[in-house]
$ cat target_11.cif   # mmCIF, C-alpha atoms
data_entry
#
loop_
_atom_site.group_PDB
_atom_site.id
_atom_site.type_symbol
_atom_site.label_atom_id
_atom_site.label_comp_id
_atom_site.auth_asym_id
_atom_site.auth_seq_id
_atom_site.Cartn_x
_atom_site.Cartn_y
_atom_site.Cartn_z
ATOM 1 C CA MET A 23 0.000 0.000 0.000
ATOM 2 C CA SER A 24 2.943 2.343 -0.357
ATOM 3 C CA ASP A 25 1.810 5.704 -1.701
ATOM 4 C CA THR A 26 4.725 7.981 -0.948
ATOM 5 C CA GLU A 27 5.464 8.628 -4.607
ATOM 6 C CA ARG A 28 1.893 9.047 -5.819
ATOM 7 C CA SER A 29 1.038 12.420 -7.287
ATOM 8 C CA ALA A 30 -2.013 14.481 -6.393
ATOM 9 C CA GLU A 31 -3.443 13.853 -9.875
ATOM 10 C CA THR A 32 -3.354 10.051 -9.685
ATOM 11 C CA PRO A 33 -6.539 8.389 -8.406
ATOM 12 C CA THR A 34 -5.685 6.931 -5.026
ATOM 13 C CA LYS A 35 -7.603 3.935 -3.687
ATOM 14 C CA LEU A 36 -7.998 3.898 0.080
ATOM 15 C CA THR A 37 -9.702 1.365 2.339
ATOM 16 C CA LEU A 38 -11.664 2.591 5.369
ATOM 17 C CA GLY A 39 -12.323 0.012 8.095
ATOM 18 C CA THR A 40 -15.668 0.354 9.902
ATOM 19 C CA ALA A 41 -17.293 -2.381 12.060
ATOM 20 C CA THR A 42 -19.919 -5.138 11.957
ATOM 21 C CA PRO A 43 -23.130 -4.532 9.984
ATOM 22 C CA GLY A 44 -25.995 -2.860 11.789
ATOM 23 C CA GLY A 45 -23.936 -0.544 13.974
ATOM 24 C CA GLY A 46 -23.170 3.138 13.759
ATOM 25 C CA PHE A 47 -19.683 2.823 12.294
ATOM 26 C CA PRO A 48 -20.698 1.182 8.974
ATOM 27 C CA LEU A 49 -23.418 3.792 8.452
ATOM 28 C CA TYR A 50 -20.985 6.603 9.197
ATOM 29 C CA GLY A 51 -18.122 5.048 7.227
ATOM 30 C CA ASP A 52 -20.207 4.487 4.098
ATOM 31 C CA THR A 53 -21.304 8.127 4.204
ATOM 32 C CA VAL A 54 -17.816 9.511 4.795
ATOM 33 C CA ALA A 55 -16.295 7.357 2.049
ATOM 34 C CA ALA A 56 -18.914 8.487 -0.469
ATOM 35 C CA VAL A 57 -18.612 12.170 0.438
ATOM 36 C CA ILE A 58 -14.808 12.204 0.249
ATOM 37 C CA THR A 59 -14.841 10.624 -3.204
ATOM 38 C CA GLU A 60 -17.570 12.958 -4.429
ATOM 39 C CA THR A 61 -15.614 15.972 -3.172
ATOM 40 C CA ASP A 62 -12.246 14.835 -4.539
ATOM 41 C CA PRO A 63 -12.685 12.146 -7.238
ATOM 42 C CA THR A 64 -8.952 11.395 -7.126
ATOM 43 C CA LEU A 65 -9.520 9.892 -3.652
ATOM 44 C CA LEU A 66 -11.371 6.625 -4.128
ATOM 45 C CA VAL A 67 -12.363 5.563 -0.606
ATOM 46 C CA GLU A 68 -13.912 2.142 -0.070
ATOM 47 C CA ALA A 69 -15.583 1.363 3.271
ATOM 48 C CA ARG A 70 -14.989 -2.168 4.540
ATOM 49 C CA ASN A 71 -16.776 -4.007 7.356
ATOM 50 C CA THR A 72 -14.505 -5.273 10.135
ATOM 51 C CA LYS A 73 -15.035 -6.569 13.669
ATOM 52 C CA GLY A 74 -14.785 -3.008 14.955
ATOM 53 C CA SER A 75 -12.374 -0.706 16.742
ATOM 54 C CA THR A 76 -10.271 -3.344 18.478
ATOM 55 C CA GLU A 77 -9.565 -5.052 15.152
ATOM 56 C CA ASN A 78 -9.140 -1.802 13.239
ATOM 57 C CA VAL A 79 -6.085 -0.719 15.229
ATOM 58 C CA PRO A 80 -3.947 -3.781 14.376
ATOM 59 C CA LEU A 81 -5.253 -3.785 10.798
ATOM 60 C CA LEU A 82 -3.983 -0.224 10.428
ATOM 61 C CA GLU A 83 -0.685 -1.050 12.108
ATOM 62 C CA THR A 84 -0.086 -3.918 9.689
ATOM 63 C CA GLU A 85 -1.191 -1.734 6.744
ATOM 64 C CA GLN A 86 -4.159 -3.928 5.845
ATOM 65 C CA LEU A 87 -6.257 -0.758 6.031
ATOM 66 C CA ASP A 88 -5.403 2.805 5.091
ATOM 67 C CA LEU A 89 -7.984 4.470 7.336
ATOM 68 C CA ALA A 90 -10.276 3.200 10.061
ATOM 69 C CA LEU A 91 -12.912 4.335 12.513
ATOM 70 C CA VAL A 92 -11.779 3.883 16.101
ATOM 71 C CA GLN A 93 -13.848 4.517 19.199
ATOM 72 C CA GLY A 94 -12.373 6.884 21.773
ATOM 73 C CA GLU A 95 -11.461 4.432 24.523
ATOM 74 C CA VAL A 96 -9.731 2.079 22.091
ATOM 75 C CA ALA A 97 -7.773 5.005 20.628
ATOM 76 C CA TYR A 98 -6.850 6.151 24.134
ATOM 77 C CA GLU A 99 -5.498 2.722 25.097
ATOM 78 C CA ALA A 100 -3.530 2.474 21.850
ATOM 79 C CA PHE A 101 -1.986 5.944 22.145
ATOM 80 C CA ALA A 102 -1.188 5.450 25.837
ATOM 81 C CA GLY A 103 0.133 1.901 25.444
ATOM 82 C CA ILE A 104 -2.353 0.401 27.907
ATOM 83 C CA GLY A 105 -2.219 -3.382 27.659
ATOM 84 C CA ARG A 106 -0.151 -3.116 24.466
ATOM 85 C CA PRO A 107 2.786 -1.174 22.981
ATOM 86 C CA LYS A 108 2.089 2.459 22.133
ATOM 87 C CA THR A 109 0.801 2.829 18.601
ATOM 88 C CA ASP A 110 2.230 5.125 15.953
ATOM 89 C CA LEU A 111 -1.127 5.572 14.217
ATOM 90 C CA LYS A 112 -2.239 9.122 13.497
ATOM 91 C CA ILE A 113 -5.517 11.036 13.691
ATOM 92 C CA LEU A 114 -7.003 12.101 10.378
ATOM 93 C CA TYR A 115 -10.202 13.676 11.690
ATOM 94 C CA ALA A 116 -12.463 13.708 14.726
ATOM 95 C CA MET A 117 -15.711 11.801 14.161
ATOM 96 C CA TYR A 118 -18.214 12.584 16.903
ATOM 97 C CA PRO A 119 -18.577 12.360 20.693
ATOM 98 C CA THR A 120 -20.128 9.181 22.047
ATOM 99 C CA ALA A 121 -22.132 9.440 25.263
ATOM 100 C CA GLY A 122 -22.593 5.914 26.628
ATOM 101 C CA MET A 123 -25.994 4.724 27.841
ATOM 102 C CA PHE A 124 -28.435 1.828 27.938
ATOM 103 C CA ALA A 125 -31.709 1.525 26.041
ATOM 104 C CA VAL A 126 -34.592 -0.471 27.508
ATOM 105 C CA LYS A 127 -38.209 -0.830 26.427
ATOM 106 C CA ALA A 128 -40.248 2.089 27.742
ATOM 107 C CA ASP A 129 -42.688 -0.237 29.509
ATOM 108 C CA SER A 130 -39.901 -2.112 31.331
ATOM 109 C CA PRO A 131 -39.346 -1.697 35.090
ATOM 110 C CA TRP A 132 -35.680 -0.667 34.760
ATOM 111 C CA ARG A 133 -34.808 2.990 35.345
ATOM 112 C CA THR A 134 -31.254 3.036 36.743
ATOM 113 C CA ILE A 135 -27.994 1.174 36.195
ATOM 114 C CA ASN A 136 -28.460 -0.561 39.540
ATOM 115 C CA ASP A 137 -31.850 -1.838 38.342
ATOM 116 C CA LEU A 138 -30.019 -3.688 35.568
ATOM 117 C CA LEU A 139 -27.681 -5.584 37.887
ATOM 118 C CA GLY A 140 -28.052 -9.318 37.332
ATOM 119 C CA GLN A 141 -30.057 -8.793 34.148
ATOM 120 C CA PRO A 142 -29.090 -9.959 30.644
ATOM 121 C CA VAL A 143 -27.586 -6.980 28.813
ATOM 122 C CA ALA A 144 -26.335 -6.831 25.218
ATOM 123 C CA PHE A 145 -23.067 -4.890 25.412
ATOM 124 C CA GLY A 146 -22.379 -4.997 21.674
ATOM 125 C CA ALA A 147 -20.069 -6.823 19.289
ATOM 126 C CA ARG A 148 -16.883 -8.125 20.924
ATOM 127 C CA GLY A 149 -14.631 -6.025 18.711
ATOM 128 C CA SER A 150 -16.628 -2.852 19.229
ATOM 129 C CA GLY A 151 -15.182 0.108 21.064
ATOM 130 C CA LEU A 152 -18.557 0.492 22.760
ATOM 131 C CA VAL A 153 -17.751 -2.621 24.786
ATOM 132 C CA ILE A 154 -14.571 -0.904 25.994
ATOM 133 C CA LEU A 155 -16.517 2.253 26.850
ATOM 134 C CA ALA A 156 -18.940 0.158 28.907
ATOM 135 C CA ARG A 157 -16.018 -1.411 30.768
ATOM 136 C CA PHE A 158 -14.569 1.973 31.726
ATOM 137 C CA VAL A 159 -17.948 3.419 32.729
ATOM 138 C CA LEU A 160 -18.806 0.424 34.879
ATOM 139 C CA GLU A 161 -15.325 0.234 36.423
ATOM 140 C CA GLY A 162 -15.879 3.793 37.609
ATOM 141 C CA LEU A 163 -18.861 2.481 39.559
ATOM 142 C CA ASP A 164 -16.980 -0.600 40.828
ATOM 143 C CA LEU A 165 -19.021 -2.787 38.529
ATOM 144 C CA ASN A 166 -18.006 -5.418 35.980
ATOM 145 C CA GLN A 167 -19.851 -6.443 32.812
ATOM 146 C CA ASP A 168 -19.369 -10.174 33.280
ATOM 147 C CA ARG A 169 -19.623 -10.328 37.073
ATOM 148 C CA ASP A 170 -22.519 -7.974 37.737
ATOM 149 C CA PHE A 171 -24.635 -8.511 34.626
ATOM 150 C CA GLN A 172 -25.517 -11.420 32.378
ATOM 151 C CA ALA A 173 -23.323 -9.978 29.642
ATOM 152 C CA VAL A 174 -24.232 -10.821 26.044
ATOM 153 C CA TYR A 175 -21.693 -10.137 23.282
ATOM 154 C CA LEU A 176 -22.890 -10.062 19.704
ATOM 155 C CA ASP A 177 -21.498 -11.322 16.430
ATOM 156 C CA ARG A 178 -23.238 -8.440 14.665
ATOM 157 C CA ALA A 179 -24.092 -5.109 16.266
ATOM 158 C CA GLY A 180 -27.396 -5.143 14.390
ATOM 159 C CA ASP A 181 -28.592 -8.198 16.345
ATOM 160 C CA GLY A 182 -28.962 -6.310 19.632
ATOM 161 C CA PRO A 183 -32.223 -4.378 19.132
ATOM 162 C CA ALA A 184 -34.251 -7.510 18.322
ATOM 163 C CA MET A 185 -33.011 -9.094 21.546
ATOM 164 C CA VAL A 186 -34.361 -6.145 23.540
ATOM 165 C CA LEU A 187 -37.647 -6.107 21.672
ATOM 166 C CA ASP A 188 -38.328 -9.838 22.144
ATOM 167 C CA GLY A 189 -37.170 -9.876 25.765
ATOM 168 C CA ARG A 190 -34.032 -11.971 25.440
ATOM 169 C CA VAL A 191 -32.102 -9.116 27.050
ATOM 170 C CA ALA A 192 -33.235 -6.343 29.355
ATOM 171 C CA ALA A 193 -31.094 -3.623 27.811
ATOM 172 C CA LEU A 194 -28.818 -2.690 24.955
ATOM 173 C CA TRP A 195 -25.647 -0.688 25.619
ATOM 174 C CA GLY A 196 -24.600 1.851 23.015
ATOM 175 C CA GLY A 197 -23.815 5.488 22.519
ATOM 176 C CA GLY A 198 -23.889 8.679 20.537
ATOM 177 C CA SER A 199 -26.544 10.308 18.411
ATOM 178 C CA GLY A 200 -28.108 8.553 15.448
ATOM 179 C CA TRP A 201 -26.937 5.119 16.583
ATOM 180 C CA PRO A 202 -28.967 2.546 14.594
ATOM 181 C CA GLY A 203 -29.385 0.154 17.524
ATOM 182 C CA PHE A 204 -31.044 2.769 19.711
ATOM 183 C CA THR A 205 -33.188 3.996 16.839
ATOM 184 C CA ALA A 206 -34.471 0.451 16.262
ATOM 185 C CA VAL A 207 -35.387 -0.023 19.938
ATOM 186 C CA ALA A 208 -37.019 3.414 20.099
ATOM 187 C CA LYS A 209 -39.174 2.603 17.064
ATOM 188 C CA GLY A 210 -40.372 -0.673 18.593
ATOM 189 C CA PRO A 211 -43.973 -1.142 19.767
ATOM 190 C CA SER A 212 -43.190 -0.052 23.322
ATOM 191 C CA GLY A 213 -40.758 2.749 22.527
ATOM 192 C CA ALA A 214 -37.547 3.203 24.495
ATOM 193 C CA ARG A 215 -36.266 4.591 27.764
ATOM 194 C CA PHE A 216 -32.600 5.577 28.077
ATOM 195 C CA ILE A 217 -30.504 4.958 31.178
ATOM 196 C CA ALA A 218 -27.199 6.733 31.865
ATOM 197 C CA PRO A 219 -25.074 7.345 34.961
ATOM 198 C CA ASP A 220 -26.865 9.753 37.298
ATOM 199 C CA SER A 221 -25.615 12.980 38.880
ATOM 200 C CA ARG A 222 -23.866 11.082 41.688
ATOM 201 C CA GLU A 223 -22.383 8.409 39.445
ATOM 202 C CA ILE A 224 -20.889 10.694 36.771
ATOM 203 C CA PRO A 225 -18.338 12.339 39.159
ATOM 204 C CA ARG A 226 -17.299 8.882 40.429
ATOM 205 C CA ILE A 227 -16.608 7.696 36.889
ATOM 206 C CA LEU A 228 -14.698 10.845 35.902
ATOM 207 C CA SER A 229 -12.563 10.720 39.043
ATOM 208 C CA ARG A 230 -11.550 7.156 38.151
ATOM 209 C CA HIS A 231 -11.075 7.717 34.403
ATOM 210 C CA ALA A 232 -10.105 11.320 33.727
ATOM 211 C CA PHE A 233 -9.838 10.783 29.952
ATOM 212 C CA LEU A 234 -13.621 10.341 29.802
ATOM 213 C CA LYS A 235 -15.586 13.545 29.394
ATOM 214 C CA PRO A 236 -19.015 14.660 30.580
ATOM 215 C CA LEU A 237 -21.329 14.636 27.555
ATOM 216 C CA THR A 238 -25.001 15.448 27.128
ATOM 217 C CA MET A 239 -27.406 13.887 24.659
ATOM 218 C CA PRO A 240 -29.795 16.618 23.472
ATOM 219 C CA ALA A 241 -33.534 16.129 23.869
ATOM 220 C CA GLY A 242 -34.992 14.579 20.752
ATOM 221 C CA SER A 243 -31.827 12.689 19.831
ATOM 222 C CA TYR A 244 -34.043 9.592 19.784
ATOM 223 C CA PRO A 245 -37.788 9.029 19.996
ATOM 224 C CA GLY A 246 -38.600 8.875 23.698
ATOM 225 C CA LEU A 247 -35.654 11.023 24.779
ATOM 226 C CA ASP A 248 -37.731 14.046 25.716
ATOM 227 C CA GLU A 249 -35.179 15.797 27.950
ATOM 228 C CA PRO A 250 -31.387 16.205 27.738
ATOM 229 C CA LEU A 251 -29.577 13.200 29.180
ATOM 230 C CA ASP A 252 -26.203 13.634 30.875
ATOM 231 C CA SER A 253 -23.630 10.873 30.588
ATOM 232 C CA VAL A 254 -19.914 10.319 29.974
ATOM 233 C CA GLY A 255 -17.965 9.303 26.915
ATOM 234 C CA SER A 256 -15.281 10.329 24.486
ATOM 235 C CA TRP A 257 -14.558 11.391 20.907
ATOM 236 C CA SER A 258 -14.092 8.747 18.244
ATOM 237 C CA PHE A 259 -11.574 9.307 15.459
ATOM 238 C CA ILE A 260 -10.748 8.411 11.888
ATOM 239 C CA LEU A 261 -7.194 7.065 12.234
ATOM 240 C CA THR A 262 -4.583 6.445 9.543
ATOM 241 C CA ARG A 263 -1.924 3.809 9.058
ATOM 242 C CA PRO A 264 1.580 4.984 10.037
ATOM 243 C CA THR A 265 2.837 5.264 6.458
ATOM 244 C CA LEU A 266 -0.040 7.216 4.903
ATOM 245 C CA ALA A 267 1.642 9.817 2.726
ATOM 246 C CA TYR A 268 1.752 13.434 3.867
ATOM 247 C CA GLU A 269 0.108 14.749 0.702
ATOM 248 C CA ILE A 270 -2.714 12.208 0.790
ATOM 249 C CA ALA A 271 -3.549 13.036 4.399
ATOM 250 C CA TYR A 272 -3.571 16.719 3.421
ATOM 251 C CA ARG A 273 -5.983 16.040 0.542
ATOM 252 C CA LEU A 274 -8.251 13.932 2.749
ATOM 253 C CA ALA A 275 -8.422 16.707 5.357
ATOM 254 C CA ARG A 276 -9.154 19.266 2.645
ATOM 255 C CA ALA A 277 -11.945 17.096 1.206
ATOM 256 C CA LEU A 278 -13.528 16.496 4.614
ATOM 257 C CA HIS A 279 -13.383 20.179 5.505
ATOM 258 C CA SER A 280 -14.830 21.224 2.155
ATOM 259 C CA ALA A 281 -17.700 18.760 2.548
ATOM 260 C CA GLU A 282 -18.557 19.355 6.205
ATOM 261 C CA LYS A 283 -22.034 20.732 5.451
ATOM 262 C CA VAL A 284 -22.812 17.983 2.945
ATOM 263 C CA LEU A 285 -21.661 15.346 5.414
ATOM 264 C CA GLY A 286 -23.734 16.797 8.240
ATOM 265 C CA ASP A 287 -26.807 17.095 6.048
ATOM 266 C CA ARG A 288 -26.585 13.419 5.101
ATOM 267 C CA LEU A 289 -25.959 12.035 8.582
ATOM 268 C CA ALA A 290 -26.851 13.752 11.841
ATOM 269 C CA GLN A 291 -23.922 12.370 13.858
ATOM 270 C CA ALA A 292 -21.502 13.561 11.180
ATOM 271 C CA ARG A 293 -22.331 17.189 11.988
ATOM 272 C CA ASP A 294 -19.549 17.001 14.561
ATOM 273 C CA THR A 295 -17.013 15.845 11.954
ATOM 274 C CA THR A 296 -15.298 19.204 11.540
ATOM 275 C CA ALA A 297 -11.822 20.649 11.330
ATOM 276 C CA VAL A 298 -12.511 22.736 14.454
ATOM 277 C CA ASN A 299 -13.458 19.641 16.453
ATOM 278 C CA THR A 300 -10.445 17.753 15.127
ATOM 279 C CA SER A 301 -8.129 20.450 16.437
ATOM 280 C CA ALA A 302 -9.933 20.564 19.791
ATOM 281 C CA ALA A 303 -10.614 16.859 20.387
ATOM 282 C CA ALA A 304 -7.167 15.403 19.645
ATOM 283 C CA PRO A 305 -5.491 14.490 22.949
ATOM 284 C CA ARG A 306 -2.206 15.983 21.682
ATOM 285 C CA ALA A 307 -1.254 17.861 18.535
ATOM 286 C CA ASP A 308 1.506 15.375 17.698
ATOM 287 C CA LEU A 309 -1.126 12.634 17.355
ATOM 288 C CA ILE A 310 -2.658 14.401 14.336
ATOM 289 C CA HIS A 311 -1.169 13.372 10.997
ATOM 290 C CA PRO A 312 1.402 15.982 9.851
ATOM 291 C CA GLY A 313 -0.394 16.424 6.527
ATOM 292 C CA VAL A 314 -3.611 17.195 8.390
ATOM 293 C CA CYS A 315 -1.765 19.614 10.697
ATOM 294 C CA ARG A 316 -0.551 21.516 7.651
ATOM 295 C CA TYR A 317 -4.104 21.853 6.358
ATOM 296 C CA LEU A 318 -5.504 22.893 9.759
ATOM 297 C CA ARG A 319 -2.855 25.611 10.050
ATOM 298 C CA GLU A 320 -3.667 26.849 6.546
ATOM 299 C CA ILE A 321 -7.308 27.427 7.522
ATOM 300 C CA GLY A 322 -6.280 29.255 10.676
ATOM 301 C CA LEU A 323 -6.621 26.568 13.354
ATOM 302 C CA SER A 324 -4.007 26.059 16.040
ATOM 303 C CA VAL A 325 -2.473 22.590 16.344
#
$ encode --input "target_11.cif" --output "C-alpha cells"
Amino acid sequence: MSDTERSAETPTKLTLGTATPGGGFPLYGDTVAAVITETDPTLLVEARNTKGSTENVPLLETEQLDLALVQGEVAYEAFAGIGRPKTDLKILYAMYPTAGMFAVKADSPWRTINDLLGQPVAFGARGSGLVILARFVLEGLDLNQDRDFQAVYLDRAGDGPAMVLDGRVAALWGGGSGWPGFTAVAKGPSGARFIAPDSREIPRILSRHAFLKPLTMPAGSYPGLDEPLDSVGSWSFILTRPTLAYEIAYRLARALHSAEKVLGDRLAQARDTTAVNTSAAAPRADLIHPGVCRYLREIGLSV
C-alpha cells in the first residue's frame, strides 16, 4: 500500500475500516467514504466491514487498512500503550462524541444502572469500542460487565435491538446520536427509555477515568428522549496507518473540511465531523497526521 510517490493527480484507492453490519460505524463510514470521493474524485475511498475498533487498530498497524474508525477508549489505550505497545497511528479527523448509555423498552421496570444488575444486557459486538466504553464506565462504579450482569456479546451489532424487543435481554448498551441500535429499539412497539449514569455516578466515573468527558445527549436525539440526558464518553476518530503519505492526508483533510455541510446534512452524527473539532478533540497535537496539521494551520486553526 505504499503511496509515498503518488502524485495528487493520480486516483488513489484507500480502504476505510468500519465495524460489523448494523452498527453506527458502517453507516458513518459508508457516508464519509462516499462524500470524500464525491468531493475529490482522485480519492477513491472504499468502506470495509470489520469486527470493529479493536480489530481496526492492528489492521492499520499492519497496513491492511489505510484508514479506520476507532472509538475513543480504544484510541486512548492504543496511544497510551495500555495493555499493548504504544501505537504510531495518526488522527485524520475527529468523528463525533459518544455518550454511553443503555436503552430499555419504555414499559420495562428498569430505570437506573443498579436496576439492571443481574439482568441480561447486550453490550455490543466483541470487537466494538462500545464494549470498551462500557467497561470503563462500569469500572468507575466498581461494577463489571461479566460479574454484575448477564453480559451478552454479539457477532453483529445489528442483532442487539431484536433481543431487547423480544425480551431476550433487558437492555442494549450503546452510545452517541443517530446510533442505529437505539433507533431500532425506540421505534419498537413499546418505545424506548434511556438509562445513563446519574448525577452522583458521573463524578465517580470521571474521578476514576479522567480521559472520559461529561457529555449530554440533546432532547430529541431519539424518539422517547424528551429531555437532555447527561452521561460520559469520548470522541471517536478516523485514524490512519503509520505510512499514509503526507500529501494524501492533506488532501483527505481538505476534502472532509470542504464537505462538512454535505456530510452533516446526510448524517446527523456527522455534523460534529469538523476541522474545528479535530483540532480541539485530539489528545495531543503530535497525534494528528502531519499532513492534516498543515491543512488545519492553513485554515487558521491552532495545532
$ resolve_selection --input "target_11.cif" --expression "the PyMOL selection byres ((chain A and resi 167-178) around 6)" --output "ChimeraX atom specification"
/A:42,139-148,166,179-181
$ write_last_selection --input "target_11.cif" --atoms "C-alpha atoms" --output "PDB file, keeping the file's coordinate frame"
ATOM      1  CA  THR A  42     -19.919  -5.138  11.957  1.00  0.00           C
ATOM      2  CA  LEU A 139     -27.681  -5.584  37.887  1.00  0.00           C
ATOM      3  CA  GLY A 140     -28.052  -9.318  37.332  1.00  0.00           C
ATOM      4  CA  GLN A 141     -30.057  -8.793  34.148  1.00  0.00           C
ATOM      5  CA  PRO A 142     -29.090  -9.959  30.644  1.00  0.00           C
ATOM      6  CA  VAL A 143     -27.586  -6.980  28.813  1.00  0.00           C
ATOM      7  CA  ALA A 144     -26.335  -6.831  25.218  1.00  0.00           C
ATOM      8  CA  PHE A 145     -23.067  -4.890  25.412  1.00  0.00           C
ATOM      9  CA  GLY A 146     -22.379  -4.997  21.674  1.00  0.00           C
ATOM     10  CA  ALA A 147     -20.069  -6.823  19.289  1.00  0.00           C
ATOM     11  CA  ARG A 148     -16.883  -8.125  20.924  1.00  0.00           C
ATOM     12  CA  ASN A 166     -18.006  -5.418  35.980  1.00  0.00           C
ATOM     13  CA  ALA A 179     -24.092  -5.109  16.266  1.00  0.00           C
ATOM     14  CA  GLY A 180     -27.396  -5.143  14.390  1.00  0.00           C
ATOM     15  CA  ASP A 181     -28.592  -8.198  16.345  1.00  0.00           C
TER      16      ASP A 181
END
$ closest_residue --input "target_11.cif" --among "A:Gly255, A:Val79, A:Asp248, A:Pro211" --to "Pro107 of chain A" --atoms "all atoms listed in the file"
A:Val79
$ closest_residue --input "target_11.cif" --among "A:Val54, A:Phe204, A:Glu95, A:Ala69" --to "Thr37 of chain A" --atoms "all atoms listed in the file"
A:Ala69
$ atom_distance --input "target_11.cif" --atom1 "atom CA of Met123 of chain A" --atom2 "atom CA of Pro80 of chain A"
27.2 Å
$ resolve_selection --input "target_11.cif" --expression "the PyMOL selection byres ((chain A and resi 308-316) around 7)" --output "CSV table (one decimal) with C-alpha atoms, in the frame of the given file"
chain,number,residue,atom,x,y,z
A,112,LYS,CA,-2.2,9.1,13.5
A,113,ILE,CA,-5.5,11.0,13.7
A,114,LEU,CA,-7.0,12.1,10.4
A,268,TYR,CA,1.8,13.4,3.9
A,269,GLU,CA,0.1,14.7,0.7
A,271,ALA,CA,-3.5,13.0,4.4
A,272,TYR,CA,-3.6,16.7,3.4
A,275,ALA,CA,-8.4,16.7,5.4
A,306,ARG,CA,-2.2,16.0,21.7
A,307,ALA,CA,-1.3,17.9,18.5
A,317,TYR,CA,-4.1,21.9,6.4
A,318,LEU,CA,-5.5,22.9,9.8
A,319,ARG,CA,-2.9,25.6,10.0
A,320,GLU,CA,-3.7,26.8,6.5
A,325,VAL,CA,-2.5,22.6,16.3
$ closest_residue --input "target_11.cif" --among "A:Ala102, A:Ala218, A:Val254, A:Met117" --to "Ala292 of chain A" --atoms "all atoms listed in the file"
A:Met117
$ resolve_selection --input "target_11.cif" --expression "the PyMOL selection byres ((chain A and resi 43) around 9)" --output "list in words"
Thr40, Ala41, Thr42, Gly44, Gly45, Gly46, Phe47, Pro48, Leu49, Asn71, Thr72, Arg178, Ala179 and Gly180 of chain A
$ closest_residue --input "target_11.cif" --among "A:Glu223, A:Glu77, A:Asp62, A:Asp294" --to "Pro33 of chain A" --atoms "all atoms listed in the file"
A:Asp62
$ atom_distance --input "target_11.cif" --atom1 "atom CA of Val57 of chain A" --atom2 "atom CA of Thr34 of chain A"
15.0 Å
$ residues_around --input "target_11.cif" --residues "Leu187 of chain A" --least-positions-apart "4" --cutoff "10 Å" --atoms "only C-alpha atoms" --output "PyMOL selection string"
chain A and resi 126-127+182-183+191-193+206-214
$ closest_residue --input "target_11.cif" --among "A:Gly151, A:Pro305, A:Gly197, A:Gly322" --to "Ser75 of chain A" --atoms "all atoms listed in the file"
A:Gly151
$ atom_distance --input "target_11.cif" --atom1 "atom CA of Thr296 of chain A" --atom2 "atom CA of His279 of chain A"
6.4 Å
